[in-house]
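Taking it in order: structure first as structure tokens, then the write-up.
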Amino acid sequence: MPVIFGQLVVGPPGSGKTTYCKGMAEFLTKLGRKVAIVNLDPANDCLPYKPDIDLSNLITVEDVMTQLKLGPNGALLYCMEYLEKNFDWLHTECLKHKDHYILFDCPGQVELYTHHKSIRNIFQQLTKFDYRLTAVHLVDSFYCSDPHKFISVLLTSLSTMLQLELPHVNILSKTDLIEQYGKLAFNLDFYTEVLDLSHLLSHLEDDPFFKKFKKLNEAICGVIEDYSLVSFISCSVKDKESMLSVMKVVDRANGYIFGDQEERNIQALLSYAVGAEFEAEKIQHIQDKYMSNASTDIHTTDDSK
């Protein structure tokens, strides 16, 4: 059985999953990889790319809504459960592209990744057939501009990581648009590295509405910090350096860099494995390119704890 590498691209609606899949496919193709895109969203009939495998050929949300009288959310859940029961169809289609790097473009319904089991079960079955997959969880960088929304995003990201049980990379997408919704309270590295969340809580206390949820927000932040799993990579599909950084992190996560699909030398492997580029430099590049100076600078020193 051949080893198949790929990415499971997930995230909430509007986070840029489809745009990311199109951009990453084009980027990898230019590097010499053979790439196949799988559309797993049976409700998305307006794609900017031509999928190599399309779930709509098996089942569509529209048909389910018509025949079973379900709403759009219930119909999408039904489609995922139907795909789980017809796993052989997906596996057979993927084997037709066994010499390709596969990108799975998933639906945007959050509960599919936080507590519903079909997506997890489908990809757990694929891993048994030697699919080496990395879950790439996209979050719109817009949420950095609103403390209470960013805390919600952190909790969703943590829940997704624990639910999917795959090598996992969290991405702040659309960083080229990050300040169109307002200036950030902190430097970008505060959000990517998920530094001391007490600073976010202090901003929430200034809001009369969220002040009454102080204990709840403190408890949520406590859970996130106790697990200490969530961090982000910034990404703009339009920025080649940003896409290269994401590709390297994903390749380390699923082990692609240690495979034999491409010619590699020892220096390249070591560069990938130890992360020759410092993450702080990458974040600074994004910040200098797309952001004005943030109002508050947070550093990981004892004074900030």
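Letters for chains follow the order of the structure tokens (A, B, ...), residue numbers begin at 1 for each chain, and ligand numbers begin at 1 in the order shown.
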
Could you give me, as a tab-separated table, every region 23-48 of chain A residue with an atom at most 10 Å from region 2-10 of chain A, plus its closest atom pair and distance in Å to one decimal, counting only C-alpha atoms, rows ordered by chain then number?
residue	atom	partner	partner_atom	distance
A:Val35	CA	A:Gly6	CA	9.0
A:Ala36	CA	A:Gly6	CA	9.2
A:Ile37	CA	A:Gly6	CA	9.6
A:Val38	CA	A:Leu8	CA	9.6
A:Leu40	CA	A:Val9	CA	10.0

Please provide as an MDAnalysis selection string all residues within 6 Å of region 107-123 of chain A, with the sequence filter that same-chain residues fewer than 4 positions apart are discarded (counting only C-alpha atoms).
chainID A and resid 11:13 41 81 84 159:160 163:164

Dump as a short mmCIF file (atom, residue, chain, number, x, y, z; two decimals), in the first residue's frame, selection limited to N, CA and C atoms:
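Heads up, here's the output in out.cif:
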data_model
loop_
_atom_site.label_atom_id
_atom_site.label_comp_id
_atom_site.auth_asym_id
_atom_site.auth_seq_id
_atom_site.Cartn_x
_atom_site.Cartn_y
_atom_site.Cartn_z
N GLY A 11 -11.92 24.46 9.44
CA GLY A 11 -12.06 25.79 10.03
C GLY A 11 -13.47 26.31 9.88
N PRO A 12 -13.79 27.39 10.58
CA PRO A 12 -15.15 27.95 10.52
C PRO A 12 -15.44 28.59 9.17
N PRO A 13 -16.71 28.91 8.92
CA PRO A 13 -17.07 29.54 7.64
C PRO A 13 -16.33 30.86 7.43
N ASP A 41 -17.09 19.38 0.70
CA ASP A 41 -18.23 20.23 1.07
C ASP A 41 -19.34 20.03 0.04
N GLU A 81 -22.25 11.86 7.65
CA GLU A 81 -22.52 10.51 8.14
C GLU A 81 -22.68 9.52 6.98
N GLU A 84 -19.25 8.71 5.80
CA GLU A 84 -18.62 7.76 6.72
C GLU A 84 -19.06 6.33 6.42
N SER A 159 -10.46 22.57 21.05
CA SER A 159 -11.44 21.49 20.93
C SER A 159 -11.23 20.70 19.64
N THR A 160 -10.94 21.40 18.55
CA THR A 160 -10.69 20.74 17.27
C THR A 160 -9.45 19.87 17.32
N GLN A 163 -10.28 16.75 19.28
CA GLN A 163 -11.27 15.90 18.63
C GLN A 163 -10.69 15.13 17.45
N LEU A 164 -9.93 15.79 16.60
CA LEU A 164 -9.46 15.16 15.36
C LEU A 164 -8.34 14.15 15.59
#

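Closest approach to Leu154 (chain A) among A:Ile178, A:Cys79, A:Leu31, A:Val230 is made by A:Val230 (distances from only C-alpha atoms).
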
Between CA of Phe27 (chain A) and CA of Leu55 (chain A), what is the distance in Å, rounded to a tenth?
23.9 Å

Could you tell me how far CA of Ile59 (chain A) sits from CA of Ala43 (chain A), in Å to one decimal place?
9.5 Å
